[in-house]
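Coordinates as given in final.csv (CSV, C-alpha atoms):
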chain,number,residue,atom,x,y,z
C,861,MET,CA,212.7,65.4,-91.0
C,862,ARG,CA,212.3,63.7,-87.7
C,863,PRO,CA,216.0,63.9,-86.7
C,864,LEU,CA,215.9,67.6,-87.4
C,865,ALA,CA,212.8,68.1,-85.4
C,866,ARG,CA,214.3,66.3,-82.5
C,867,GLY,CA,217.3,68.7,-82.5
C,868,VAL,CA,215.0,71.8,-82.3
C,869,PRO,CA,214.5,73.1,-78.7
C,870,ARG,CA,211.0,72.4,-77.6
C,871,THR,CA,210.6,75.4,-75.3
C,872,VAL,CA,210.0,79.0,-76.4
C,873,ARG,CA,212.5,80.1,-73.7
C,874,MET,CA,215.3,78.0,-75.1
C,875,ARG,CA,214.5,79.1,-78.7
C,876,LEU,CA,214.6,82.7,-77.6
C,877,THR,CA,217.8,82.2,-75.8
C,878,LEU,CA,219.5,80.6,-78.8
C,879,LEU,CA,218.1,83.4,-81.0
C,880,TYR,CA,219.5,86.1,-78.8
C,881,GLY,CA,222.9,84.3,-78.7
C,882,THR,CA,223.0,83.8,-82.4
C,883,LEU,CA,222.1,87.5,-83.1
C,884,PHE,CA,224.8,88.6,-80.7
C,885,ALA,CA,227.4,86.3,-82.2
C,886,VAL,CA,226.6,87.5,-85.7
C,887,SER,CA,226.5,91.2,-84.8
C,888,GLY,CA,229.7,90.9,-82.6
C,889,ALA,CA,231.6,89.2,-85.4
C,890,ALA,CA,230.5,91.8,-87.9
C,891,LEU,CA,231.5,94.6,-85.5
C,892,LEU,CA,235.0,93.0,-85.0
C,893,ALA,CA,235.4,92.7,-88.7
C,894,ILE,CA,234.6,96.3,-89.3
C,895,THR,CA,236.8,97.4,-86.5
C,896,PHE,CA,239.7,95.3,-87.9
C,897,VAL,CA,239.4,96.8,-91.3
C,898,LEU,CA,239.3,100.3,-89.9
C,899,LEU,CA,242.3,99.7,-87.6
C,900,ARG,CA,244.4,98.4,-90.5
C,901,ARG,CA,243.7,101.5,-92.5
C,902,ASN,CA,244.3,104.0,-89.7
C,903,ALA,CA,246.7,105.0,-86.9
C,904,ILE,CA,247.3,101.9,-84.8
C,905,PHE,CA,249.1,100.0,-87.5
C,906,LYS,CA,251.1,103.0,-88.6
C,907,VAL,CA,252.3,103.6,-85.1
C,908,ARG,CA,253.2,100.0,-84.3
C,909,VAL,CA,254.7,99.3,-87.8
C,910,PRO,CA,257.0,102.1,-88.9
C,911,CYS,CA,257.1,103.3,-92.5
C,912,VAL,CA,253.8,101.4,-93.3
C,913,ASP,CA,252.9,103.9,-96.0
C,914,VAL,CA,256.3,104.5,-97.7
C,915,GLN,CA,258.7,102.4,-99.9
C,916,ALA,CA,261.2,100.1,-98.2
C,917,ARG,CA,264.3,102.0,-99.6
C,918,GLU,CA,262.9,105.3,-98.2
C,919,CYS,CA,262.2,103.6,-94.9
C,920,ALA,CA,265.8,102.3,-94.7
C,921,SER,CA,267.2,105.7,-95.4
C,922,ARG,CA,265.2,107.2,-92.6
C,923,PHE,CA,266.8,104.9,-90.2
C,924,GLY,CA,270.4,105.4,-91.7
C,925,LEU,CA,270.5,101.9,-93.2
C,926,PRO,CA,272.3,101.2,-96.5
C,927,PRO,CA,270.2,100.7,-99.6
C,928,ASP,CA,270.8,97.0,-99.7
C,929,ALA,CA,268.9,96.6,-96.3
C,930,ALA,CA,265.6,97.5,-97.9
C,931,ASP,CA,264.6,93.9,-98.3
C,932,SER,CA,265.2,93.2,-94.6
C,933,VAL,CA,263.1,96.2,-93.7
C,934,GLU,CA,260.3,94.9,-95.9
C,935,VAL,CA,260.4,91.5,-94.3
C,936,TRP,CA,260.5,92.9,-90.8
C,937,ARG,CA,257.5,95.2,-91.6
C,938,GLU,CA,255.4,92.3,-92.9
C,939,ARG,CA,256.2,90.3,-89.8
C,940,GLN,CA,255.2,93.2,-87.6
C,941,GLN,CA,251.9,93.5,-89.4
C,942,HIS,CA,251.2,89.8,-89.2
C,943,THR,CA,252.0,89.7,-85.5
C,944,LEU,CA,249.8,92.6,-84.8
C,945,THR,CA,247.0,91.2,-86.8
C,946,HIS,CA,247.3,87.8,-85.1
C,947,GLU,CA,247.3,89.4,-81.6
C,948,PHE,CA,244.2,91.5,-82.4
C,949,LEU,CA,242.2,88.5,-83.9
C,950,THR,CA,243.1,86.3,-81.0
C,951,GLN,CA,242.2,88.7,-78.3
C,952,ALA,CA,239.0,89.7,-80.2
C,953,GLY,CA,238.0,86.0,-80.6
C,954,ILE,CA,238.5,85.4,-76.8
C,955,ALA,CA,236.4,88.5,-76.0
C,956,LEU,CA,233.7,87.4,-78.4
C,957,ALA,CA,233.6,83.9,-76.9
C,958,ILE,CA,233.3,85.3,-73.4
C,959,MET,CA,230.5,87.7,-74.4
C,960,LEU,CA,228.7,84.9,-76.2
C,961,VAL,CA,228.5,82.9,-73.0
C,962,VAL,CA,227.4,86.0,-71.2
C,963,SER,CA,224.8,86.8,-73.9
C,964,LEU,CA,223.3,83.3,-73.6
C,965,ALA,CA,223.0,83.6,-69.8
C,966,LEU,CA,221.4,87.1,-70.2
C,967,GLY,CA,219.2,85.8,-73.0
C,968,TRP,CA,218.0,82.9,-70.8
C,969,PHE,CA,217.2,85.4,-68.0
C,970,VAL,CA,215.5,88.0,-70.3
C,971,ALA,CA,213.4,85.3,-72.1
C,972,GLY,CA,212.3,84.0,-68.7
C,973,ARG,CA,211.2,87.5,-67.7
C,974,VAL,CA,209.4,88.1,-71.0
C,975,LEU,CA,207.6,84.7,-70.8
C,976,ARG,CA,206.6,84.9,-67.2
C,977,PRO,CA,203.2,86.5,-67.9
C,978,LEU,CA,202.5,83.8,-70.4
C,979,ARG,CA,203.3,81.1,-67.9
C,980,THR,CA,200.9,82.8,-65.4
C,981,MET,CA,198.2,83.0,-68.0
C,982,THR,CA,198.7,79.4,-69.0
C,983,SER,CA,198.5,78.2,-65.4
C,984,THR,CA,195.3,80.2,-64.8
C,985,VAL,CA,193.6,79.0,-68.0
C,986,ARG,CA,194.6,75.4,-67.3
C,987,HIS,CA,192.7,75.5,-64.0
C,988,ILE,CA,189.5,77.1,-65.5
C,989,SER,CA,186.7,74.6,-66.1
C,990,ALA,CA,183.0,74.7,-66.4
C,991,ARG,CA,182.7,75.1,-62.6
C,992,ASN,CA,184.8,78.3,-62.4
C,993,VAL,CA,184.5,79.7,-65.9
C,994,HIS,CA,183.7,83.0,-64.3
C,995,GLU,CA,187.3,83.5,-63.4
C,996,ARG,CA,189.4,85.9,-65.6
C,997,LEU,CA,193.1,86.5,-66.2
C,998,ALA,CA,192.7,90.2,-65.3
C,999,PHE,CA,196.2,91.0,-66.6
C,1000,ALA,CA,197.3,94.4,-65.3
C,1001,GLY,CA,200.5,94.9,-67.3
C,1002,PRO,CA,201.2,97.7,-69.8
C,1003,ARG,CA,199.1,97.9,-72.9
C,1004,ASP,CA,201.2,95.6,-75.2
C,1005,GLU,CA,200.8,92.4,-77.1
C,1006,LEU,CA,200.6,90.3,-73.9
C,1007,ARG,CA,197.9,92.5,-72.5
C,1008,ASP,CA,196.0,92.2,-75.8
C,1009,LEU,CA,196.3,88.4,-75.6
C,1010,ALA,CA,195.1,88.4,-72.0
C,1011,ASP,CA,192.1,90.6,-72.9
C,1012,THR,CA,191.3,88.4,-75.8
C,1013,VAL,CA,191.4,85.3,-73.6
C,1014,ASP,CA,189.1,87.0,-71.1
C,1015,GLY,CA,186.7,87.9,-73.9
C,1016,LEU,CA,186.7,84.3,-75.0
C,1017,LEU,CA,186.0,83.1,-71.5
C,1018,GLY,CA,183.2,85.7,-71.2
C,1019,ARG,CA,181.6,84.4,-74.4
C,1020,LEU,CA,182.1,80.8,-73.2
C,1021,GLN,CA,180.4,81.6,-69.9
C,1022,ALA,CA,177.5,83.2,-71.6
C,1023,ALA,CA,177.1,80.2,-73.9
C,1024,LEU,CA,177.2,77.8,-70.9
C,1025,ASP,CA,174.7,79.9,-69.0
C,1026,ALA,CA,172.4,80.0,-72.1
C,1027,GLN,CA,172.8,76.2,-72.5
C,1028,LYS,CA,171.9,75.7,-68.8
C,1029,ARG,CA,168.8,77.9,-69.2
C,1030,PHE,CA,167.9,76.1,-72.4
C,1031,VAL,CA,168.1,72.6,-70.8
C,1032,ALA,CA,166.2,73.7,-67.7
C,1033,ASN,CA,163.4,75.3,-69.8
C,1034,ALA,CA,163.3,72.4,-72.2
C,1035,ALA,CA,163.0,70.0,-69.2
C,1036,HIS,CA,160.2,72.1,-67.8
C,1037,GLU,CA,158.3,72.3,-71.1
C,1038,LEU,CA,158.6,68.5,-71.5
C,1039,ARG,CA,157.8,67.6,-67.9
C,1040,THR,CA,154.6,69.6,-67.7
C,1041,PRO,CA,152.7,67.7,-70.5
C,1042,ILE,CA,154.0,64.4,-69.2
C,1043,THR,CA,152.8,65.1,-65.7
C,1044,LEU,CA,149.4,66.2,-67.1
C,1045,GLU,CA,149.1,63.0,-69.2
C,1046,ARG,CA,149.9,60.9,-66.1
C,1047,ALA,CA,147.3,62.8,-64.1
C,1048,LEU,CA,144.6,62.2,-66.8
C,1049,VAL,CA,145.4,58.5,-67.0
C,1050,GLU,CA,145.4,58.1,-63.2
C,1051,GLU,CA,142.1,60.0,-63.0
C,1052,THR,CA,140.5,57.6,-65.5
C,1053,LEU,CA,141.9,54.5,-63.7
C,1054,THR,CA,140.6,55.6,-60.3
C,1055,ASP,CA,137.1,56.3,-61.7
C,1056,ARG,CA,135.1,53.3,-60.4
C,1057,ARG,CA,132.3,53.8,-63.0
C,1058,PRO,CA,134.0,55.1,-66.1
C,1059,THR,CA,131.9,55.9,-69.1
C,1060,LEU,CA,132.7,55.8,-72.8
C,1061,GLU,CA,132.3,59.6,-73.0
C,1062,ALA,CA,134.9,60.0,-70.1
C,1063,PHE,CA,137.4,57.7,-71.9
C,1064,GLN,CA,136.9,59.6,-75.2
C,1065,ALA,CA,137.4,63.0,-73.5
C,1066,THR,CA,140.5,61.8,-71.7
C,1067,PHE,CA,142.0,60.4,-74.9
C,1068,GLU,CA,141.2,63.6,-76.8
C,1069,ARG,CA,143.0,65.6,-74.2
C,1070,ILE,CA,146.0,63.2,-74.3
C,1071,LEU,CA,146.1,63.4,-78.1
C,1072,THR,CA,146.1,67.2,-77.8
C,1073,ILE,CA,148.9,67.1,-75.3
C,1074,SER,CA,150.8,64.7,-77.5
C,1075,ASP,CA,150.5,67.0,-80.5
C,1076,GLN,CA,151.9,69.8,-78.5
C,1077,GLN,CA,154.8,67.6,-77.5
C,1078,GLY,CA,155.4,66.7,-81.1
C,1079,ARG,CA,155.5,70.4,-82.1
C,1080,LEU,CA,157.9,71.1,-79.3
C,1081,LEU,CA,160.2,68.3,-80.4
C,1082,GLU,CA,160.0,69.4,-84.0
C,1083,SER,CA,160.9,73.0,-83.0
C,1084,LEU,CA,163.8,71.8,-80.9
C,1085,LEU,CA,165.1,69.7,-83.8
C,1086,THR,CA,164.8,72.7,-86.1
C,1087,LEU,CA,166.6,74.9,-83.6
C,1088,ALA,CA,169.4,72.4,-83.3
C,1089,THR,CA,169.7,72.0,-87.1
C,1090,SER,CA,169.9,75.8,-87.5
C,1091,GLU,CA,172.5,76.2,-84.8
C,1092,ARG,CA,174.6,73.4,-86.3
C,1093,GLY,CA,175.0,75.4,-89.6
C,1094,LEU,CA,174.4,74.5,-93.2
C,1095,GLU,CA,175.8,71.5,-94.9
C,1096,GLY,CA,175.3,73.0,-98.4
C,1097,ARG,CA,173.6,75.8,-100.2
C,1098,VAL,CA,171.2,75.8,-103.1
C,1099,PRO,CA,169.3,78.8,-104.7
C,1100,VAL,CA,166.4,79.9,-102.6
C,1101,ASP,CA,163.6,82.1,-103.9
C,1102,LEU,CA,162.5,84.0,-100.8
C,1103,ALA,CA,159.5,85.6,-102.6
C,1104,ALA,CA,158.2,82.2,-103.8
C,1105,LEU,CA,158.6,80.6,-100.3
C,1106,THR,CA,156.7,83.5,-98.7
C,1107,GLU,CA,153.9,83.2,-101.2
C,1108,ARG,CA,153.6,79.5,-100.5
C,1109,VAL,CA,153.6,80.0,-96.7
C,1110,LEU,CA,150.8,82.6,-97.0
C,1111,ALA,CA,148.8,80.4,-99.4
C,1112,ASP,CA,149.0,77.4,-97.0
C,1113,ARG,CA,147.7,79.3,-94.0
C,1114,PRO,CA,144.2,78.5,-92.9
C,1115,PRO,CA,141.6,81.4,-93.3
C,1116,ALA,CA,141.8,83.9,-90.5
C,1117,PRO,CA,138.7,84.4,-88.2
C,1118,ALA,CA,136.4,87.2,-89.0
C,1119,ASP,CA,137.7,89.4,-86.2
C,1120,GLY,CA,141.3,88.2,-86.7
C,1121,PRO,CA,144.2,90.2,-88.1
C,1122,ARG,CA,144.5,90.7,-91.8
C,1123,LEU,CA,147.5,89.9,-94.0
C,1124,TYR,CA,148.9,92.5,-96.3
C,1125,PRO,CA,151.6,91.0,-98.5
C,1126,ARG,CA,154.0,93.0,-100.6
C,1127,ILE,CA,156.1,90.4,-102.4
C,1128,ALA,CA,159.0,91.4,-104.6
C,1129,PRO,CA,161.8,89.2,-106.1
C,1130,ALA,CA,164.4,88.3,-103.5
C,1131,ALA,CA,166.9,85.6,-104.3
C,1132,THR,CA,169.4,84.1,-101.9
C,1133,THR,CA,171.1,80.7,-101.3
C,1134,GLY,CA,170.8,78.3,-98.4
C,1135,ASP,CA,168.5,75.6,-97.0
C,1136,PRO,CA,165.0,76.0,-98.4
C,1137,ALA,CA,163.4,74.0,-95.6
C,1138,LEU,CA,164.9,76.2,-92.9
C,1139,VAL,CA,164.1,79.4,-94.7
C,1140,GLU,CA,160.5,78.3,-95.2
C,1141,ARG,CA,160.3,77.5,-91.5
C,1142,LEU,CA,161.7,80.9,-90.7
C,1143,VAL,CA,159.0,82.6,-92.8
C,1144,ALA,CA,156.3,80.5,-91.3
C,1145,ASN,CA,157.4,81.3,-87.7
C,1146,LEU,CA,157.5,85.0,-88.5
C,1147,VAL,CA,154.0,85.0,-89.9
C,1148,ASP,CA,152.6,82.8,-87.1
C,1149,ASN,CA,154.1,85.0,-84.4
C,1150,ALA,CA,152.8,88.1,-86.0
C,1151,MET,CA,149.3,86.6,-86.4
C,1152,ARG,CA,149.2,85.1,-82.9
C,1153,TYR,CA,150.4,88.0,-80.9
C,1154,ASN,CA,148.1,90.5,-82.3
C,1155,VAL,CA,144.9,92.4,-81.5
C,1156,PRO,CA,141.3,91.9,-82.8
C,1157,GLY,CA,141.0,93.5,-86.2
C,1158,GLY,CA,144.8,94.1,-86.4
C,1159,SER,CA,147.1,93.7,-89.4
C,1160,VAL,CA,150.2,91.9,-90.5
C,1161,ASP,CA,152.4,93.4,-93.2
C,1162,VAL,CA,154.7,90.9,-95.0
C,1163,ALA,CA,157.2,92.2,-97.5
C,1164,THR,CA,160.1,90.7,-99.4
C,1165,ALA,CA,162.6,92.7,-101.4
C,1166,ALA,CA,166.2,92.8,-102.7
C,1167,ARG,CA,168.2,95.8,-101.6
C,1168,ASP,CA,171.8,96.7,-100.8
C,1169,GLY,CA,173.1,93.3,-101.9
C,1170,GLN,CA,170.7,91.4,-99.6
C,1171,ALA,CA,167.5,89.4,-99.8
C,1172,VAL,CA,165.2,90.8,-97.2
C,1173,ILE,CA,161.9,89.7,-95.6
C,1174,SER,CA,160.1,92.0,-93.2
C,1175,VAL,CA,157.1,91.1,-91.0
C,1176,SER,CA,155.4,93.9,-89.0
C,1177,ASN,CA,152.2,93.5,-86.9
C,1178,THR,CA,149.9,95.4,-84.7
C,1179,GLY,CA,149.7,94.1,-81.2
C,1180,PRO,CA,150.3,94.8,-77.5
C,1181,PRO,CA,153.2,97.2,-76.7
C,1182,VAL,CA,156.6,95.6,-76.5
C,1183,PRO,CA,159.1,97.2,-74.1
C,1184,PRO,CA,162.4,97.9,-76.0
C,1185,GLU,CA,164.4,96.2,-73.3
C,1186,GLN,CA,162.5,93.0,-73.8
C,1187,VAL,CA,163.2,92.6,-77.5
C,1188,ALA,CA,166.5,90.8,-77.0
C,1189,ARG,CA,165.0,88.4,-74.5
C,1190,LEU,CA,162.3,87.4,-76.9
C,1191,LEU,CA,165.0,86.1,-79.3
C,1192,GLU,CA,166.1,83.5,-76.7
C,1193,PRO,CA,164.5,80.0,-76.5
C,1194,PHE,CA,161.4,79.6,-74.3
C,1195,GLN,CA,160.9,83.3,-73.8
C,1196,ARG,CA,157.4,84.9,-74.0
C,1197,LEU,CA,156.3,88.5,-73.5
C,1198,ASP,CA,153.2,87.2,-71.6
C,1199,ARG,CA,154.5,84.6,-69.1
C,1200,SER,CA,150.9,83.6,-68.2
C,1201,ALA,CA,150.3,82.1,-71.7
C,1202,ARG,CA,152.3,78.9,-71.1
C,1203,GLY,CA,149.3,76.7,-71.5
C,1204,ASP,CA,148.4,77.9,-75.1
C,1205,GLY,CA,150.4,75.1,-76.8
C,1206,HIS,CA,153.2,77.4,-77.8
C,1207,HIS,CA,156.7,77.3,-76.3
C,1208,GLY,CA,158.4,80.5,-77.2
C,1209,LEU,CA,160.8,79.0,-79.8
C,1210,GLY,CA,159.6,80.8,-82.9
C,1211,LEU,CA,161.9,83.8,-82.8
C,1212,SER,CA,164.9,81.9,-81.5
C,1213,ILE,CA,164.5,79.5,-84.5
C,1214,VAL,CA,164.4,82.6,-86.7
C,1215,GLN,CA,167.5,84.0,-85.3
C,1216,ALA,CA,169.4,80.7,-85.4
C,1217,THR,CA,168.4,80.2,-89.1
C,1218,VAL,CA,169.5,83.8,-90.1
C,1219,LEU,CA,172.9,83.3,-88.4
C,1220,ALA,CA,173.4,79.9,-90.0
C,1221,HIS,CA,172.8,81.6,-93.4
C,1222,GLY,CA,175.3,84.4,-92.6
C,1223,GLY,CA,172.5,87.0,-92.5
C,1224,THR,CA,171.4,89.6,-89.9
C,1225,LEU,CA,168.2,89.9,-87.9
C,1226,ASP,CA,166.7,93.1,-86.6
C,1227,ALA,CA,163.7,93.3,-84.3
C,1228,SER,CA,162.3,96.6,-83.1
C,1229,PRO,CA,159.0,97.5,-81.3
C,1230,ARG,CA,156.4,99.6,-83.2
C,1231,GLN,CA,155.3,102.9,-81.6
C,1232,ASP,CA,151.6,101.9,-81.6
C,1233,GLY,CA,152.3,98.4,-80.4
C,1234,GLY,CA,153.5,95.2,-82.1
C,1235,LEU,CA,156.8,94.3,-83.5
C,1236,THR,CA,158.8,94.7,-86.7
C,1237,VAL,CA,161.2,91.8,-87.5
C,1238,GLN,CA,163.5,92.0,-90.5
C,1239,ALA,CA,165.7,89.1,-91.7
C,1240,ALA,CA,168.3,89.9,-94.3
C,1241,PHE,CA,170.2,87.2,-96.2
C,1242,PRO,CA,173.2,87.6,-98.6
C,1243,ALA,CA,171.8,88.0,-102.1
C,1244,ALA,CA,172.4,85.2,-104.6
C,1245,HIS,CA,175.0,86.2,-107.2
C,1246,PRO,CA,173.8,86.0,-110.8

Rewritten as structure tokens:
Amino acid sequence: MRPLARGVPRTVRMRLTLLYGTLFAVSGAALLAITFVLLRRNAIFKVRVPCVDVQARECASRFGLPPDAADSVEVWRERQQHTLTHEFLTQAGIALAIMLVVSLALGWFVAGRVLRPLRTMTSTVRHISARNVHERLAFAGPRDELRDLADTVDGLLGRLQAALDAQKRFVANAAHELRTPITLERALVEETLTDRRPTLEAFQATFERILTISDQQGRLLESLLTLATSERGLEGRVPVDLAALTERVLADRPPAPADGPRLYPRIAPAATTGDPALVERLVANLVDNAMRYNVPGGSVDVATAARDGQAVISVSNTGPPVPPEQVARLLEPFQRLDRSARGDGHHGLGLSIVQATVLAHGGTLDASPRQDGGLTVQAAFPAAHP
């Protein structure tokens, strides 16, 4: 196989040139063969070779020859036909060879013209990196396959730019979220060390605050690991009972305060497949967000169901009004509706983890604001086949 592969031209331009030349040679040879057959059957041979369609004796009598000259007439006629055939084939072969060379040259030129936009696109893409990923091919040719290819590449570059921008924002936000508690911990330790008359109560208060900050950092790191696991995708799938997971999450929640929101579950069977740990974390995040961003005396509706070939969980809560244009932003990491609530120990990763988990399971996520305030979030997973 290797010697054959070495003999194959490596450039598309050369392969197209050989293809054009081969097609011309085959079609030219076929055309000459058809022409030759038609000429033998029609006027040219009858004009150049007398009596081609009569018997030799009749032909001899036409020219006033004796009957015993018929054999000579037959031989002469065959020689004339052979000579004419040889001349035709020779001249046709020479013409075909000349035109084959011309077709190869024209094929090389045409292939170069056809591939010129591809070379331009290749050169442009080769020089695009993370620093200038905003550049586009912007191919302005006619709406054909090359234009579709250029538009596809531009779309890919656009998605890549969006992903890089999102990654940069994520890294910057994560660094900020991690730097803030570390700075606070350092300040608390320095404050204790600079106290010339520290008391046991002061040490205990400082350590309690440091432990609280450490717990917040631990939750942040756990959320980041969950988000990374969800975005990486699933390594395997097992049956998941969405209704049972939801009931367990609701049962494990601590009792709500007297003036806190009330839970109203409507649990129906909903079977799917996936990673049970990730799905359980998704349900917990949806319920936690709905309870946290609520109003005194509010409510949270949690429902699971199987419909339209999907296992669905829907969480709806009362709460402050959510502008419709802000819903998509809330699904990104480290985004909060109330930016002043950064010190509450929560980092705005709940809904981003939900979205990453749903996408990893091949499902869909729909979030929409309620007319009276609050948010309705519905996650739909492919239903498990019986």

May I ask which of the residues C:Ala890, C:Leu997, C:Leu1190, C:Leu966 is the closest one to Gly1015 (chain C), counting only C-alpha atoms?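 Checking each of C:Ala890, C:Leu997, C:Leu1190, C:Leu966 against Gly1015 (chain C), counting only C-alpha atoms, the winner is C:Leu997.
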
Contacts of region 1117-1126 of chain C within 6 Å, all atoms listed in the file, excl. fewer than 6 positions in-chain, as number ranges by chain: C: 1156-1163

Find the residues near region 1134-1140 of chain C: any atom within 7 Å, counting only C-alpha atoms, skip ones fewer than 6 places away on the same chain, and give them as a list in words.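 Everything that qualifies: Gly1096, Arg1097, Val1098, Pro1099, Val1100, Leu1105, Thr1217 and His1221 of chain C.
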
Residues near Leu1211 (chain C), cut-off 9 Å, all atoms listed in the file, skip fewer than 5 positions along chain, as a compact mmCIF listing (two decimals) with C-alpha atoms, in the frame of the given file:
# COMPACT_ATOMS: atom_id res chain seq x y z
CA LEU C 1142 161.70 80.90 -90.70
CA ASN C 1145 157.40 81.30 -87.70
CA LEU C 1146 157.50 85.00 -88.50
CA ASN C 1149 154.10 85.00 -84.40
CA LEU C 1190 162.30 87.40 -76.90
CA LEU C 1191 165.00 86.10 -79.30
CA GLU C 1192 166.10 83.50 -76.70
CA PRO C 1193 164.50 80.00 -76.50
CA ALA C 1216 169.40 80.70 -85.40

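Compared by their closest atoms to Asn1177 (chain C), and using all atoms listed in the file, the residues C:Arg870, C:Arg1092, C:Arg1057, C:Arg1230 rank with C:Arg1230 nearest.
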
Report as a ChimeraX atom specification all protein, DNA and RNA residues lying within 12 Å of Ala952 (chain C), evaluated on only C-alpha atoms, omitting residues in the same chain fewer than 4 positions from it. /C:888-893,895-896,945-948,956-959

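Using all atoms listed in the file, the shortest contact distance between Ala1130 (chain C) and any of C:Leu1094, C:Val1172, C:Ala971, C:Ala1144 is found at C:Val1172.
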
Give me, please, the distance in Å between CA of Ala1150 (chain C) and CA of Pro1115 (chain C), quoted to one decimal. 15.0 Å
